[in-house]
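Scroll down for the structure; my scribbles are underneath it.
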Amino acid sequence: MKHRGFTLLEVLVALAILALALMAALRAGSVAAQNEGEIRLRQLADWVALDRLEEYRARRVWLPVGSNSAEAVQGGMRLRLEEKISGTPNAQFRRIDIRVFNAEVNNANNAANAGALSNFTSFLVKPGG
């Protein structure tokens, strides 16, 4: 006697294998979407830090040694900047370290534990110096 087709057990095994493969593909897509959001946020933070640095250069500002903080909006995201201005062995230069954080993190404890999205270090030349 010839049997044509698949048994119920064979069909169930094939469906289980297919379901596992589809779940793995969906998980990979989910991880890719999460990574895209993180990359976008870091890119926006880079732009904010670079904009701030170029603003100082364009205005030819000689910044006093110390720390500053500010907020900026880029791409619909609120970002918090922390700047540390320090002297250098050459009196004609100032070192500026800019760190950018996500300002959307409301809890100060979470903000303290959250890493900077962007870190930039550069040097400013004394205008007319």
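In the structure tokens, the first chain shown is A, the next is B, and so on; residue numbers restart at 1 for each chain, and ligands run from 1 in the order shown.
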
task: For A:Ala45, please output as a PyMOL selection string all residues within 7 Å (counting only C-alpha atoms; exclusion window: fewer than 2 positions along the same chain).
output: chain A and resi 41-43+47-49+100+117-118

- prompt: Among chain A, which residues carry a DSSP assignment of strand (DSSP E), reported as a VMD selection string?
  reply: chain A and resid 66 to 74 77 to 87 93 to 102 118 to 125

- request: Kindly indicate which residue among A:Phe123, A:Ser69, A:Gly115, A:Leu12 lies nearest to A:Thr88, using only C-alpha atoms for the distances.
  value: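 Among the listed residues, the smallest separation from A:Thr88 belongs to A:Phe123.
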
Residues flagged alpha helix (DSSP H) by DSSP in chain A, as JSON, numbers by chain: {"A": [8, 9, 10, 11, 12, 13, 14, 15, 16, 17, 18, 19, 20, 21, 22, 23, 24, 25, 26, 27, 28, 29, 30, 31, 32, 33, 34, 35, 36, 37, 38, 39, 40, 41, 42, 43, 44, 45, 46, 47, 48, 49, 50, 51, 52, 53, 54, 55, 56, 57, 58, 59, 108, 109, 110, 111, 112, 113]}

message: Applying 12 Å and only C-alpha atoms, which residues near A:Leu44 remain after dropping the ones on its own chain fewer than 3 positions away? List them as number ranges by chain.
response: A: 37-41, 47-51, 72-80, 100-102, 117-118

task: Considering only C-alpha atoms, return as JSON, numbers by chain whatever protein or nucleic-acid residues lie within 9 Å of A:Leu63, sequence-local ones (same chain, fewer than 3 positions apart) excluded.
output: {"A": [56, 66, 85, 94, 124, 126]}

Requested write-out: all heavy atoms of the selected residues, as an mmCIF file, in the first residue's frame:
data_model
loop_
_atom_site.group_PDB
_atom_site.id
_atom_site.type_symbol
_atom_site.label_atom_id
_atom_site.label_comp_id
_atom_site.auth_asym_id
_atom_site.auth_seq_id
_atom_site.Cartn_x
_atom_site.Cartn_y
_atom_site.Cartn_z
ATOM 1 N N TYR A 56 32.003 78.454 19.576
ATOM 2 C CA TYR A 56 33.070 79.144 20.312
ATOM 3 C C TYR A 56 34.151 79.652 19.362
ATOM 4 O O TYR A 56 34.647 80.767 19.509
ATOM 5 C CB TYR A 56 33.698 78.229 21.353
ATOM 6 C CG TYR A 56 32.812 77.938 22.539
ATOM 7 C CD1 TYR A 56 32.807 76.679 23.130
ATOM 8 C CD2 TYR A 56 31.975 78.910 23.083
ATOM 9 C CE1 TYR A 56 32.009 76.402 24.226
ATOM 10 C CE2 TYR A 56 31.171 78.641 24.168
ATOM 11 C CZ TYR A 56 31.194 77.383 24.738
ATOM 12 O OH TYR A 56 30.397 77.111 25.813
ATOM 13 N N GLY A 66 37.043 76.499 33.938
ATOM 14 C CA GLY A 66 35.922 76.099 34.785
ATOM 15 C C GLY A 66 35.024 75.117 34.078
ATOM 16 O O GLY A 66 35.403 74.496 33.082
ATOM 17 N N ILE A 85 36.521 73.381 30.873
ATOM 18 C CA ILE A 85 37.551 74.186 30.222
ATOM 19 C C ILE A 85 38.746 74.232 31.169
ATOM 20 O O ILE A 85 38.597 74.544 32.358
ATOM 21 C CB ILE A 85 37.048 75.613 29.916
ATOM 22 C CG1 ILE A 85 35.875 75.560 28.927
ATOM 23 C CG2 ILE A 85 38.154 76.455 29.324
ATOM 24 C CD1 ILE A 85 34.548 75.654 29.548
ATOM 25 N N ARG A 94 43.470 76.860 25.342
ATOM 26 C CA ARG A 94 42.598 76.304 26.372
ATOM 27 C C ARG A 94 42.109 74.961 25.864
ATOM 28 O O ARG A 94 41.773 74.803 24.695
ATOM 29 C CB ARG A 94 41.389 77.209 26.639
ATOM 30 C CG ARG A 94 41.722 78.503 27.337
ATOM 31 C CD ARG A 94 41.780 78.296 28.836
ATOM 32 N NE ARG A 94 42.476 79.361 29.528
ATOM 33 C CZ ARG A 94 41.927 80.472 29.952
ATOM 34 N NH1 ARG A 94 40.659 80.694 29.757
ATOM 35 N NH2 ARG A 94 42.652 81.367 30.596
ATOM 36 N N LEU A 124 41.196 75.515 22.055
ATOM 37 C CA LEU A 124 40.833 76.809 21.530
ATOM 38 C C LEU A 124 42.059 77.728 21.619
ATOM 39 O O LEU A 124 42.793 77.698 22.614
ATOM 40 C CB LEU A 124 39.671 77.418 22.314
ATOM 41 C CG LEU A 124 38.355 76.649 22.279
ATOM 42 C CD1 LEU A 124 37.354 77.266 23.238
ATOM 43 C CD2 LEU A 124 37.804 76.624 20.869
ATOM 44 N N LYS A 126 43.711 81.505 21.805
ATOM 45 C CA LYS A 126 43.352 82.815 22.317
ATOM 46 C C LYS A 126 43.240 83.801 21.148
ATOM 47 O O LYS A 126 44.154 83.913 20.332
ATOM 48 C CB LYS A 126 44.423 83.319 23.293
ATOM 49 C CG LYS A 126 44.064 84.604 23.986
ATOM 50 C CD LYS A 126 45.098 84.934 25.056
ATOM 51 C CE LYS A 126 44.638 86.139 25.848
ATOM 52 N NZ LYS A 126 45.576 86.423 26.944
#

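Checking A:Asn90, A:Glu104, A:Leu81, A:Thr7 one by one against A:Asp46, counting only C-alpha atoms, you find the shortest gap at A:Leu81.
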
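In this comparison, which uses only C-alpha atoms, the residue of A:Arg57, A:Arg52, A:Arg27, A:His3 approaching A:Pro127 most closely is A:Arg57.
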
- request: For atom CA of A:Asn68 and atom CA of A:Glu82, quote the distance in Å rounded to one decimal.
  value: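 Interatomic distance here is 5.9 Å.
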